[in-house]
file target.cif (mmCIF, C-alpha atoms)
data_input
#
loop_
_atom_site.label_atom_id
_atom_site.label_comp_id
_atom_site.auth_asym_id
_atom_site.auth_seq_id
_atom_site.Cartn_x
_atom_site.Cartn_y
_atom_site.Cartn_z
CA MET A 28 -14.03 22.49 -16.14
CA ASP A 29 -10.57 21.24 -15.23
CA THR A 30 -10.07 17.54 -15.82
CA SER A 31 -7.86 15.17 -13.91
CA GLY A 32 -6.50 17.88 -11.65
CA LEU A 33 -5.78 17.30 -8.01
CA GLY A 34 -9.36 18.37 -7.31
CA ASP A 35 -10.81 15.16 -8.73
CA TYR A 36 -8.72 13.02 -6.43
CA ALA A 37 -9.48 15.29 -3.47
CA THR A 38 -13.21 14.85 -4.09
CA PHE A 39 -12.69 11.09 -4.36
CA GLY A 40 -10.82 11.00 -1.03
CA VAL A 41 -13.35 13.19 0.76
CA LEU A 42 -16.21 11.04 -0.56
CA LEU A 43 -14.46 7.87 0.65
CA LEU A 44 -14.13 9.40 4.13
CA ALA A 45 -17.76 10.57 4.00
CA GLY A 46 -18.81 7.03 3.12
CA PHE A 47 -17.00 5.60 6.13
CA ALA A 48 -18.51 8.38 8.25
CA PHE A 49 -21.99 7.42 6.99
CA VAL A 50 -21.51 3.76 7.95
CA ALA A 51 -20.00 4.77 11.32
CA ALA A 52 -22.86 7.19 12.04
CA ALA A 53 -25.44 4.53 11.16
CA MET A 54 -23.76 2.01 13.46
CA ALA A 55 -23.50 4.65 16.23
CA ALA A 56 -27.22 5.43 15.95
CA ASN A 57 -27.82 1.68 16.07
CA ALA A 58 -25.71 1.41 19.23
CA VAL A 59 -27.86 4.05 20.95
CA LEU A 60 -31.21 2.62 19.83
CA ARG A 61 -30.73 -1.13 20.03
CA PRO A 62 -31.34 -3.50 22.93
CA SER A 63 -28.54 -5.83 23.99
CA ALA A 64 -29.45 -9.20 25.44
CA PRO A 65 -26.82 -11.69 24.27
CA SER A 66 -27.41 -15.40 24.78
CA ALA A 67 -25.71 -18.61 23.74
CA ALA A 68 -28.55 -19.42 21.34
CA LYS A 69 -28.22 -16.07 19.54
CA GLY A 70 -24.48 -16.56 19.13
CA ALA A 71 -24.82 -20.05 17.68
CA THR A 72 -24.19 -20.68 14.00
CA TYR A 73 -27.48 -20.59 12.10
CA GLU A 74 -28.49 -23.79 10.36
CA CYS A 75 -32.23 -23.49 9.80
CA GLY A 76 -33.04 -23.56 13.51
CA VAL A 77 -31.44 -26.90 14.39
CA ASP A 78 -28.17 -27.25 16.32
CA PRO A 79 -25.19 -26.85 13.98
CA VAL A 80 -23.79 -30.15 12.72
CA GLY A 81 -20.01 -30.47 12.66
CA LYS A 82 -17.65 -27.55 12.21
CA ASP A 83 -17.77 -24.62 9.81
CA TRP A 84 -15.84 -26.66 7.26
CA ALA A 85 -17.50 -27.57 3.98
CA GLN A 86 -16.14 -29.51 1.03
CA VAL A 87 -15.71 -27.45 -2.10
CA GLN A 88 -14.94 -28.90 -5.45
CA ILE A 89 -11.81 -28.22 -7.44
CA ARG A 90 -13.71 -26.80 -10.41
CA TYR A 91 -13.83 -23.37 -8.79
CA TYR A 92 -10.04 -23.41 -8.82
CA VAL A 93 -9.93 -24.11 -12.55
CA TYR A 94 -12.20 -21.14 -13.25
CA ALA A 95 -9.95 -18.97 -11.11
CA PHE A 96 -7.00 -20.00 -13.28
CA LEU A 97 -8.95 -19.23 -16.43
CA PHE A 98 -9.72 -15.81 -15.01
CA VAL A 99 -6.03 -15.05 -14.48
CA LEU A 100 -5.46 -15.77 -18.19
CA PHE A 101 -7.72 -12.84 -19.09
CA ALA A 102 -7.36 -10.53 -16.11
CA VAL A 103 -3.99 -9.16 -17.18
CA GLU A 104 -5.28 -8.39 -20.66
CA ALA A 105 -7.83 -5.90 -19.35
CA VAL A 106 -5.10 -3.75 -17.84
CA PHE A 107 -3.46 -3.37 -21.26
CA LEU A 108 -6.69 -2.87 -23.18
CA PHE A 109 -7.67 0.44 -21.61
CA PRO A 110 -4.54 2.52 -22.22
CA TRP A 111 -4.38 1.01 -25.72
CA ALA A 112 -8.01 2.02 -26.38
CA ALA A 113 -7.22 5.62 -25.41
CA VAL A 114 -4.30 6.03 -27.84
CA PHE A 115 -4.89 3.56 -30.67
CA ARG A 116 -6.33 6.15 -33.09
CA ALA A 117 -3.01 7.99 -33.05
CA PHE A 118 -1.12 4.84 -34.09
CA GLY A 119 -3.69 3.52 -36.56
CA THR A 120 -3.52 0.17 -38.30
CA ALA A 121 -0.29 -1.06 -36.69
CA ALA A 122 -1.71 -0.72 -33.18
CA ALA A 123 -4.95 -2.38 -34.24
CA VAL A 124 -3.11 -5.38 -35.75
CA GLU A 125 -0.98 -5.79 -32.63
CA MET A 126 -4.05 -5.82 -30.43
CA GLY A 127 -5.71 -8.21 -32.87
CA LEU A 128 -2.82 -10.64 -32.35
CA PHE A 129 -3.04 -10.18 -28.58
CA VAL A 130 -6.79 -10.84 -28.50
CA GLY A 131 -6.30 -13.71 -30.97
CA VAL A 132 -3.89 -15.47 -28.61
CA LEU A 133 -6.40 -15.08 -25.79
CA ALA A 134 -9.25 -16.40 -27.92
CA LEU A 135 -7.02 -19.36 -28.76
CA GLY A 136 -6.46 -19.93 -25.03
CA LEU A 137 -10.19 -19.91 -24.38
CA ALA A 138 -10.79 -22.26 -27.32
CA TYR A 139 -8.12 -24.62 -25.96
CA ALA A 140 -9.71 -24.66 -22.50
CA TRP A 141 -13.11 -25.24 -24.10
CA ARG A 142 -11.77 -28.12 -26.25
CA LYS A 143 -10.05 -29.68 -23.23
CA GLY A 144 -13.38 -29.76 -21.41
CA VAL A 145 -12.37 -27.32 -18.70
CA LEU A 146 -15.61 -25.40 -19.23
CA ARG A 147 -17.74 -28.49 -18.65
CA TRP A 148 -19.13 -28.57 -15.13
CA ARG A 149 -18.45 -32.02 -13.72
CA MET B 25 -12.46 24.70 -4.24
CA LEU B 26 -13.43 23.45 -0.77
CA LEU B 27 -17.02 24.56 -1.31
CA GLU B 28 -17.08 22.77 -4.67
CA ILE B 29 -15.86 19.53 -3.09
CA ALA B 30 -18.42 19.84 -0.29
CA VAL B 31 -21.27 20.42 -2.75
CA LYS B 32 -20.23 17.47 -4.91
CA VAL B 33 -19.83 15.08 -1.96
CA ALA B 34 -23.21 16.18 -0.57
CA ALA B 35 -24.90 15.71 -3.95
CA VAL B 36 -23.37 12.24 -4.44
CA LEU B 37 -24.36 11.19 -0.92
CA ALA B 38 -27.91 12.45 -1.51
CA ALA B 39 -28.19 10.50 -4.78
CA PHE B 40 -26.67 7.46 -3.05
CA LEU B 41 -29.29 7.56 -0.28
CA VAL B 42 -32.39 8.57 -2.27
CA LEU B 43 -32.17 6.72 -5.61
CA PRO B 44 -31.84 3.18 -4.11
CA LEU B 45 -34.91 3.86 -1.96
CA VAL B 46 -36.86 4.94 -5.04
CA VAL B 47 -35.75 1.75 -6.82
CA GLY B 48 -36.66 -0.33 -3.76
CA GLN B 49 -40.13 1.19 -3.47
CA THR B 50 -40.65 0.78 -7.21
CA GLU B 51 -39.62 -2.86 -6.86
CA HIS B 52 -42.20 -3.42 -4.10
CA LYS B 53 -44.96 -1.95 -6.23
CA LEU B 54 -43.90 -3.23 -9.66
CA MET B 55 -43.38 -6.80 -8.44
CA ALA B 56 -46.69 -6.70 -6.62
CA HIS B 57 -48.60 -5.58 -9.70
CA MET B 58 -46.80 -8.04 -11.97
CA GLN B 59 -47.91 -10.77 -9.55
CA GLY B 60 -51.49 -9.48 -9.26
CA ARG B 61 -51.30 -8.10 -5.70
CA LEU B 62 -51.02 -4.69 -4.08
CA GLY B 63 -47.68 -4.53 -2.26
CA PRO B 64 -47.24 -2.32 0.83
CA MET B 65 -50.32 -0.12 1.35
CA HIS B 66 -50.24 1.14 4.96
CA ALA B 67 -46.98 2.86 5.94
CA GLY B 68 -47.30 6.62 5.37
CA GLY B 69 -50.91 6.43 4.21
CA PHE B 70 -50.73 6.87 0.44
CA HIS B 71 -49.98 3.49 -1.16
CA GLY B 72 -47.40 2.65 1.48
CA TRP B 73 -44.88 5.24 0.24
CA ALA B 74 -43.04 5.26 3.59
CA GLN B 75 -42.55 1.47 3.78
CA LEU B 76 -38.79 1.54 3.21
CA ILE B 77 -38.30 4.40 5.69
CA ALA B 78 -40.21 2.35 8.26
CA ASP B 79 -38.01 -0.64 7.40
CA GLY B 80 -34.92 1.51 7.95
CA VAL B 81 -36.16 2.72 11.35
CA LYS B 82 -36.88 -0.89 12.31
CA PHE B 83 -33.42 -2.08 11.21
CA ALA B 84 -31.77 0.74 13.20
CA GLN B 85 -33.41 -0.56 16.41
CA LYS B 86 -32.43 -4.19 15.92
CA GLU B 87 -29.97 -5.98 18.18
CA ASP B 88 -26.47 -6.30 16.71
CA LEU B 89 -25.87 -10.04 16.45
CA VAL B 90 -22.42 -11.40 15.62
CA PRO B 91 -22.06 -15.21 15.72
CA ASP B 92 -19.67 -16.53 18.38
CA ALA B 93 -17.73 -18.50 15.78
CA ALA B 94 -17.33 -15.53 13.43
CA ASP B 95 -14.11 -13.72 12.60
CA LYS B 96 -15.51 -10.56 14.16
CA PRO B 97 -13.48 -7.67 12.67
CA VAL B 98 -13.87 -9.04 9.12
CA PHE B 99 -17.55 -9.81 9.71
CA LYS B 100 -18.18 -6.24 10.88
CA LEU B 101 -16.21 -4.61 8.07
CA ALA B 102 -17.82 -6.53 5.18
CA PRO B 103 -20.97 -4.34 4.85
CA ALA B 104 -18.82 -1.21 4.45
CA VAL B 105 -16.65 -2.93 1.83
CA ALA B 106 -19.78 -3.95 -0.07
CA LEU B 107 -21.33 -0.49 0.06
CA LEU B 108 -18.53 2.06 -0.42
CA PRO B 109 -17.28 1.06 -3.92
CA TYR B 110 -20.74 1.77 -5.33
CA LEU B 111 -20.85 5.11 -3.51
CA LEU B 112 -17.56 6.03 -5.17
CA VAL B 113 -18.82 4.93 -8.61
CA VAL B 114 -21.72 7.39 -8.32
CA LEU B 115 -19.12 10.20 -8.21
CA PHE B 116 -18.05 9.44 -11.78
CA ILE B 117 -21.48 9.11 -13.42
CA PRO B 118 -22.29 12.24 -15.44
CA LEU B 119 -25.83 13.41 -14.88
CA GLY B 120 -25.74 16.05 -17.60
CA PRO B 121 -23.35 18.02 -19.81
CA GLY B 122 -20.73 20.37 -18.38
CA ASP B 123 -20.37 20.47 -14.61
CA LEU B 124 -23.18 18.02 -13.78
CA VAL B 125 -20.68 15.31 -12.85
CA GLY B 126 -18.92 14.59 -9.57
CA SER B 127 -15.56 13.98 -11.16
CA ALA B 128 -14.67 14.16 -14.88
CA LEU B 129 -11.46 12.19 -14.39
CA ASP B 130 -9.76 11.27 -17.68
CA MET B 131 -9.54 7.60 -16.72
CA GLY B 132 -13.04 7.53 -15.23
CA LEU B 133 -14.10 4.35 -17.03
CA PHE B 134 -11.04 2.49 -15.75
CA VAL B 135 -11.65 3.60 -12.15
CA VAL B 136 -15.34 2.69 -12.35
CA VAL B 137 -14.62 -0.83 -13.63
CA ALA B 138 -11.97 -1.27 -10.91
CA LEU B 139 -14.39 -0.14 -8.20
CA VAL B 140 -17.14 -2.50 -9.36
CA GLY B 141 -14.54 -5.30 -9.10
CA VAL B 142 -14.15 -4.72 -5.34
CA GLY B 143 -17.53 -6.42 -4.82
CA VAL B 144 -15.98 -9.90 -4.89
CA LEU B 145 -13.90 -8.98 -1.83
CA ALA B 146 -16.99 -8.08 0.22
CA VAL B 147 -18.71 -11.34 -0.75
CA LEU B 148 -15.71 -13.45 0.31
CA MET B 149 -15.25 -11.44 3.53
CA ALA B 150 -18.91 -11.83 4.53
CA GLY B 151 -19.13 -15.51 3.63
CA TRP B 152 -15.82 -16.67 5.04
CA SER B 153 -15.89 -14.69 8.31
CA SER B 154 -19.39 -15.96 9.18
CA ALA B 155 -17.98 -19.46 9.86
CA ASN B 156 -21.08 -21.18 8.51
CA LYS B 157 -21.36 -23.85 5.81
CA TYR B 158 -24.10 -22.06 3.90
CA THR B 159 -22.28 -18.74 3.87
CA LEU B 160 -19.07 -20.43 2.70
CA VAL B 161 -20.77 -22.19 -0.21
CA GLY B 162 -22.60 -18.97 -1.07
CA ALA B 163 -19.41 -16.95 -0.92
CA LEU B 164 -17.53 -19.35 -3.22
CA ARG B 165 -20.40 -19.36 -5.70
CA GLY B 166 -20.40 -15.57 -5.50
CA ALA B 167 -16.64 -15.29 -5.94
CA ALA B 168 -16.64 -17.61 -8.96
CA GLN B 169 -19.55 -15.71 -10.50
CA LEU B 170 -18.18 -12.22 -9.86
CA MET B 171 -14.71 -13.07 -11.14
CA ALA B 172 -16.07 -14.72 -14.27
CA TYR B 173 -18.46 -11.89 -15.17
CA GLU B 174 -15.78 -9.30 -14.53
CA LEU B 175 -14.27 -10.31 -17.90
CA PRO B 176 -17.23 -9.65 -20.25
CA LEU B 177 -17.94 -6.47 -18.26
CA VAL B 178 -14.42 -5.17 -18.79
CA LEU B 179 -14.25 -6.27 -22.43
CA ALA B 180 -17.58 -4.58 -23.24
CA ALA B 181 -16.41 -1.41 -21.48
CA ALA B 182 -13.16 -1.55 -23.47
CA SER B 183 -15.19 -1.76 -26.69
CA VAL B 184 -16.85 1.55 -25.78
CA ALA B 185 -13.46 3.05 -24.95
CA VAL B 186 -12.21 2.09 -28.43
CA ALA B 187 -15.33 3.47 -30.10
CA ALA B 188 -15.10 6.79 -28.25
CA GLY B 189 -11.29 6.96 -28.18
CA THR B 190 -11.35 8.11 -24.56
CA LEU B 191 -11.78 6.77 -21.03
CA SER B 192 -13.55 9.82 -19.64
CA LEU B 193 -17.24 9.11 -19.03
CA PRO B 194 -18.55 12.60 -20.03
CA ALA B 195 -16.40 12.45 -23.20
CA ILE B 196 -17.85 9.03 -24.02
CA VAL B 197 -21.36 10.49 -23.88
CA GLU B 198 -20.19 13.42 -26.04
CA ALA B 199 -18.84 10.94 -28.61
CA TRP B 200 -22.02 8.85 -28.60
CA ASN B 201 -24.45 8.98 -31.53
CA LEU B 202 -27.51 7.00 -32.58
CA TRP B 203 -25.50 4.64 -34.77
CA TRP B 204 -23.87 3.22 -31.62
CA LEU B 205 -27.21 1.59 -30.74
CA LEU B 206 -26.54 -0.82 -33.60
CA TRP B 207 -22.74 -0.85 -33.63
CA GLN B 208 -22.35 -1.43 -29.88
CA ALA B 209 -25.55 -3.47 -29.37
CA PRO B 210 -23.80 -6.76 -28.52
CA ALA B 211 -21.48 -4.97 -26.08
CA ALA B 212 -24.47 -3.24 -24.47
CA LEU B 213 -26.24 -6.57 -23.99
CA VAL B 214 -23.09 -8.19 -22.61
CA PHE B 215 -22.39 -5.25 -20.28
CA PHE B 216 -25.92 -5.16 -18.85
CA THR B 217 -26.05 -8.95 -18.37
CA ALA B 218 -22.62 -9.05 -16.74
CA GLY B 219 -23.58 -6.08 -14.58
CA LEU B 220 -26.67 -7.95 -13.44
CA ALA B 221 -24.45 -10.88 -12.46
CA GLU B 222 -22.00 -8.55 -10.70
CA ILE B 223 -24.75 -7.29 -8.37
CA ARG B 224 -26.11 -10.84 -7.91
CA ARG B 225 -29.64 -9.97 -9.01
CA PRO B 226 -31.97 -12.67 -10.32
CA PRO B 227 -31.55 -14.70 -12.50
CA PHE B 228 -27.92 -14.61 -11.23
CA ASP B 229 -28.75 -14.95 -7.53
CA ALA B 230 -27.28 -18.43 -6.97
CA PRO B 231 -24.86 -17.00 -4.32
CA VAL B 232 -27.81 -16.07 -2.09
CA ALA B 233 -30.27 -18.72 -3.38
CA ASP B 234 -32.79 -18.53 -0.54
CA SER B 235 -34.33 -21.93 -1.19
CA GLU B 236 -31.03 -23.87 -1.05
CA LEU B 237 -28.52 -21.84 1.01
CA VAL B 238 -30.80 -20.08 3.57
CA PHE B 239 -29.55 -16.67 2.37
CA GLY B 240 -26.12 -17.57 1.02
CA TYR B 241 -23.24 -15.43 2.22
CA LEU B 242 -25.67 -13.11 4.07
CA THR B 243 -27.15 -15.87 6.26
CA GLU B 244 -25.53 -14.75 9.53
CA TYR B 245 -26.19 -11.04 9.09
CA ALA B 246 -28.96 -9.32 11.04
CA GLY B 247 -30.15 -5.83 11.89
CA LEU B 248 -28.41 -2.77 10.52
CA ARG B 249 -25.48 -4.66 8.97
CA PHE B 250 -27.95 -6.71 6.94
CA ALA B 251 -29.72 -3.48 5.95
CA LEU B 252 -26.43 -2.00 4.73
CA LEU B 253 -25.74 -5.11 2.64
CA LEU B 254 -29.22 -4.88 1.14
CA LEU B 255 -28.66 -1.17 0.45
CA ALA B 256 -25.52 -2.18 -1.44
CA GLU B 257 -27.64 -4.37 -3.73
CA TYR B 258 -30.00 -1.50 -4.56
CA VAL B 259 -27.20 1.03 -5.06
CA GLY B 260 -25.78 -1.65 -7.35
CA ILE B 261 -28.96 -1.60 -9.45
CA VAL B 262 -28.70 2.19 -9.80
CA VAL B 263 -24.99 2.03 -10.65
CA VAL B 264 -25.28 -0.74 -13.25
CA SER B 265 -28.30 0.88 -14.92
CA ALA B 266 -26.65 4.31 -14.93
CA LEU B 267 -23.36 2.96 -16.32
CA THR B 268 -25.20 1.14 -19.11
CA VAL B 269 -27.01 4.38 -19.92
CA VAL B 270 -23.82 6.46 -19.93
CA LEU B 271 -21.77 3.98 -21.97
CA PHE B 272 -24.34 2.64 -24.44
CA LEU B 273 -27.56 4.65 -24.43
CA GLY B 274 -26.24 8.17 -24.84
CA GLY B 275 -26.52 9.41 -21.24
CA TRP B 276 -28.02 12.90 -21.25
CA LYS B 277 -28.62 12.99 -25.02
CA GLY B 278 -32.21 13.11 -26.19
CA PRO B 279 -34.83 15.38 -27.73
CA GLY B 280 -35.31 18.74 -26.04
CA PRO B 281 -32.91 21.38 -24.70
CA GLU B 282 -29.55 20.21 -23.38
CA ALA B 283 -30.30 21.93 -20.07
CA LEU B 284 -32.84 19.16 -19.42
CA GLY B 285 -30.28 16.44 -20.19
CA TRP B 286 -30.12 15.31 -16.55
CA LEU B 287 -33.79 14.34 -16.88
CA TRP B 288 -32.91 12.00 -19.77
CA THR B 289 -30.14 10.38 -17.74
CA LEU B 290 -32.53 9.77 -14.85
CA LEU B 291 -35.35 8.55 -17.11
CA LYS B 292 -33.14 6.08 -19.00
CA THR B 293 -31.59 4.85 -15.75
CA GLY B 294 -35.05 4.41 -14.25
CA ALA B 295 -36.23 2.45 -17.29
CA LEU B 296 -33.26 0.08 -17.04
CA ALA B 297 -33.80 -0.31 -13.28
CA ALA B 298 -37.39 -1.32 -14.07
CA VAL B 299 -36.00 -3.97 -16.45
CA VAL B 300 -33.79 -5.28 -13.61
CA ILE B 301 -36.87 -5.56 -11.39
CA TRP B 302 -38.87 -7.18 -14.18
CA LEU B 303 -36.18 -9.85 -14.69
CA ARG B 304 -36.50 -10.79 -11.01
CA VAL B 305 -40.20 -11.47 -11.49
CA ALA B 306 -39.97 -13.18 -14.87
CA TRP B 307 -36.87 -15.40 -14.71
CA PRO B 308 -36.08 -18.52 -12.68
CA ARG B 309 -32.68 -18.69 -11.00
CA LEU B 310 -29.84 -20.02 -13.15
CA ARG B 311 -27.93 -23.04 -11.85
CA VAL B 312 -24.27 -22.55 -10.85
CA ASP B 313 -22.98 -24.42 -13.91
CA GLN B 314 -25.38 -22.55 -16.21
CA ILE B 315 -24.05 -19.26 -14.84
CA GLN B 316 -20.46 -20.24 -15.65
CA ALA B 317 -21.39 -21.63 -19.06
CA LEU B 318 -23.29 -18.47 -20.05
CA CYS B 319 -20.26 -16.39 -19.15
CA TRP B 320 -17.41 -18.41 -20.68
CA LYS B 321 -19.22 -19.85 -23.71
CA GLY B 322 -21.54 -16.93 -24.39
CA LEU B 323 -20.60 -13.51 -23.11
CA VAL B 324 -16.79 -13.70 -23.31
CA PRO B 325 -16.66 -14.82 -26.98
CA ILE B 326 -19.31 -12.22 -27.91
CA ALA B 327 -17.38 -9.50 -26.09
CA LEU B 328 -14.11 -10.51 -27.81
CA ALA B 329 -15.80 -10.48 -31.22
CA GLN B 330 -17.33 -7.09 -30.45
CA LEU B 331 -13.91 -5.74 -29.55
CA VAL B 332 -12.52 -6.82 -32.93
CA LEU B 333 -15.57 -5.40 -34.75
CA THR B 334 -15.32 -2.11 -32.89
CA THR B 335 -11.64 -1.76 -33.69
CA ALA B 336 -12.17 -2.58 -37.37
CA VAL B 337 -15.04 -0.10 -37.74
CA ALA B 338 -13.21 2.59 -35.78
CA LEU B 339 -10.24 2.21 -38.15
CA ALA B 340 -12.46 2.35 -41.23
CA LEU B 341 -14.31 5.49 -40.09
#

call {"tool": "encode", "arguments": {"input": "target.cif", "output": "structure tokens"}}
result
Amino acid sequence: MDTSGLGDYATFGVLLLAGFAFVAAAMAANAVLRPSAPSAAKGATYECGVDPVGKDWAQVQIRYYVYAFLFVLFAVEAVFLFPWAAVFRAFGTAAAVEMGLFVGVLALGLAYAWRKGVLRWR
Amino acid sequence: MLLEIAVKVAAVLAAFLVLPLVVGQTEHKLMAHMQGRLGPMHAGGFHGWAQLIADGVKFAQKEDLVPDAADKPVFKLAPAVALLPYLLVVLFIPLGPGDLVGSALDMGLFVVVALVGVGVLAVLMAGWSSANKYTLVGALRGAAQLMAYELPLVLAAASVAVAAGTLSLPAIVEAWNLWWLLWQAPAALVFFTAGLAEIRRPPFDAPVADSELVFGYLTEYAGLRFALLLLAEYVGIVVVSALTVVLFLGGWKGPGPEALGWLWTLLKTGALAAVVIWLRVAWPRLRVDQIQALCWKGLVPIALAQLVLTTAVALAL
């Protein structure tokens, strides 16, 4: 069994194409089988059967934005964790301590956000 | 080489099309019996076994409705974006030892986690392009939920990578032993819970919340596109269950000859899928703020602590 050769990526690519082909074939079969009788009512935005009120604009609170920021704090870490996990046995204690510091800083960041009340849903 | 690729792609496509239907039919029946009713009984004769096939035939004949206000190319592409990442994940899940895996890529775990992360894109595409208030609110709930739960998922997966010392999924199963059930238990719990949130299954179904948001980010979808989005949810159940089995429950390992290992993988995956269905029956939907609180105040700290524990134990061993 060869690992990580070109073959693995070739299979991945072919499968991606096959997936698109599956969706395309399903939609093509749908195009042959389905009726088509468009009307203004069918094209209207659905709001529980009544005429849509106002535009498609809805107010969204800022708290989602704060969570997105919090996510960015951690998202980068994940990228570094995986290569480190694969090699850390070879480097031993030093590598473990370095990652401990790294994770410690992140935990501190989360604790700070928690203390500041960012995690409270207002 | 070409034949090998063709066989693997065909096998993955077959698993991708059959297993979600099995899970779906099991859900019909299991939910029905948990709620003291029968479920589908007519289609196909014997206990309604052909119900989902009949549903598929019906969906294929439905009119293709795209709202006038929608951003049409994005609206039409969203089902494919929701579905294909899960199809590609199936390629990396080892069914048994040796060659019973689509691709034994060395960084398989990394690729799998990255592919699962594409889901948030499909949710935002579907919700935003529909140009509907309900879909927009649903999509933002979904995006916040998927991004938040990405973290515990990745941290729990990293804990396994540290324990096994490799990112290759078959090698992780090789490295697994019974003691992991205790050592990696918190990570397993975190991974499965976060996976449940990633596929928006109850109790994490606030983004679709049928009693408040019509059907969340899927409100404007009809016919075959809706069917494809639903298929994505059921492939998601298979993928999350199978990944939990491969990472935490020993994959193909179990009593009996190794040649029957694939049976263990399927049985364990099926058992976890049944748990996913059970949770839908037994748990009320979590509120949006409860979902965020569970992630940031519960799962992320647990996952970080597990990572430290795993590293310490791995060093000591």

call {"tool": "residues_around", "arguments": {"input": "target.cif", "residues": "Val113 (chain B)", "least_positions_apart": "5", "cutoff": "8 Å", "atoms": "only C-alpha atoms", "output": "PyMOL selection string"}}
result
chain B and resi 136+139-140+263

call {"tool": "closest_residue", "arguments": {"input": "target.cif", "among": "B:Leu26, B:Ala84, B:Ala67, B:Val299", "to": "chain A", "atoms": "all atoms listed in the file"}}
result
B:Ala84

call {"tool": "resolve_selection", "arguments": {"input": "target.cif", "expression": "the PyMOL selection byres ((chain B) within 6 of (chain A))", "output": "PyMOL selection string"}}
result
chain B and resi 29+33+84-87+91-92+127-130+155-157+185-186+189-190+313

call {"tool": "write_last_selection", "arguments": {"input": "target.cif", "atoms": "C-alpha atoms", "output": "mmCIF file, in the frame of the given file"}}
result
data_model
loop_
_atom_site.group_PDB
_atom_site.id
_atom_site.type_symbol
_atom_site.label_atom_id
_atom_site.label_comp_id
_atom_site.auth_asym_id
_atom_site.auth_seq_id
_atom_site.Cartn_x
_atom_site.Cartn_y
_atom_site.Cartn_z
ATOM 1 C CA ILE B 29 -15.860 19.530 -3.090
ATOM 2 C CA VAL B 33 -19.830 15.080 -1.960
ATOM 3 C CA ALA B 84 -31.770 0.740 13.200
ATOM 4 C CA GLN B 85 -33.410 -0.560 16.410
ATOM 5 C CA LYS B 86 -32.430 -4.190 15.920
ATOM 6 C CA GLU B 87 -29.970 -5.980 18.180
ATOM 7 C CA PRO B 91 -22.060 -15.210 15.720
ATOM 8 C CA ASP B 92 -19.670 -16.530 18.380
ATOM 9 C CA SER B 127 -15.560 13.980 -11.160
ATOM 10 C CA ALA B 128 -14.670 14.160 -14.880
ATOM 11 C CA LEU B 129 -11.460 12.190 -14.390
ATOM 12 C CA ASP B 130 -9.760 11.270 -17.680
ATOM 13 C CA ALA B 155 -17.980 -19.460 9.860
ATOM 14 C CA ASN B 156 -21.080 -21.180 8.510
ATOM 15 C CA LYS B 157 -21.360 -23.850 5.810
ATOM 16 C CA ALA B 185 -13.460 3.050 -24.950
ATOM 17 C CA VAL B 186 -12.210 2.090 -28.430
ATOM 18 C CA GLY B 189 -11.290 6.960 -28.180
ATOM 19 C CA THR B 190 -11.350 8.110 -24.560
ATOM 20 C CA ASP B 313 -22.980 -24.420 -13.910
#

call {"tool": "residues_around", "arguments": {"input": "target.cif", "residues": "region 103-111 of chain B", "least_positions_apart": "3", "cutoff": "8 Å", "atoms": "only C-alpha atoms", "output": "list of chain:residue names"}}
result
A:Leu43, A:Gly46, A:Phe47, A:Val50, B:Val36, B:Leu37, B:Phe40, B:Lys100, B:Val114, B:Leu115, B:Leu139, B:Val140, B:Val142, B:Gly143, B:Leu145, B:Ala146, B:Val147, B:Ala150, B:Arg249, B:Phe250, B:Leu252, B:Leu253, B:Leu255, B:Ala256, B:Val259, B:Gly260, B:Val263

call {"tool": "closest_residue", "arguments": {"input": "target.cif", "among": "B:Phe216, B:Tyr241, B:Phe116, B:Tyr158", "to": "Ala297 (chain B)", "atoms": "only C-alpha atoms"}}
result
B:Phe216

call {"tool": "resolve_selection", "arguments": {"input": "target.cif", "expression": "the PyMOL selection byres ((chain B and resi 221) around 10)", "output": "PyMOL selection string"}}
result
chain B and resi 166+169-170+172-174+177+215-220+222-230+315+319

call {"tool": "resolve_selection", "arguments": {"input": "target.cif", "expression": "the PyMOL selection byres ((chain B and resi 120) around 9)", "output": "number ranges by chain"}}
result
B: 118-119, 121-125, 194, 275-277, 282-289

call {"tool": "closest_residue", "arguments": {"input": "target.cif", "among": "B:Gly126, B:Val238, B:Gly141, B:Lys82", "to": "Gly76 (chain A)", "atoms": "only C-alpha atoms"}}
result
B:Val238

call {"tool": "atom_distance", "arguments": {"input": "target.cif", "atom1": "CA of Ala233 (chain B)", "atom2": "CA of Met55 (chain B)"}}
result
18.4 Å

call {"tool": "residues_around", "arguments": {"input": "target.cif", "residues": "Leu202 (chain B)", "least_positions_apart": "6", "cutoff": "12 Å", "atoms": "all atoms listed in the file", "output": "JSON, numbers by chain"}}
result
{"B": [208, 209, 272, 273, 274, 275, 277, 278]}

call {"tool": "atom_distance", "arguments": {"input": "target.cif", "atom1": "CA of Gly68 (chain B)", "atom2": "CA of Gly294 (chain B)"}}
result
23.2 Å

call {"tool": "atom_distance", "arguments": {"input": "target.cif", "atom1": "CA of Met171 (chain B)", "atom2": "CA of Ile301 (chain B)"}}
result
23.4 Å

call {"tool": "residues_around", "arguments": {"input": "target.cif", "residues": "Met149 (chain B)", "least_positions_apart": "4", "cutoff": "8 Å", "atoms": "all atoms listed in the file", "output": "list in words"}}
result
Val98, Phe99, Ala102, Leu145 and Ser153 of chain B

call {"tool": "residues_around", "arguments": {"input": "target.cif", "residues": "Pro176 (chain B)", "least_positions_apart": "3", "cutoff": "9 Å", "atoms": "only C-alpha atoms", "output": "PyMOL selection string"}}
result
chain B and resi 172-173+179-181+211+214-215+218+319-320+323-328
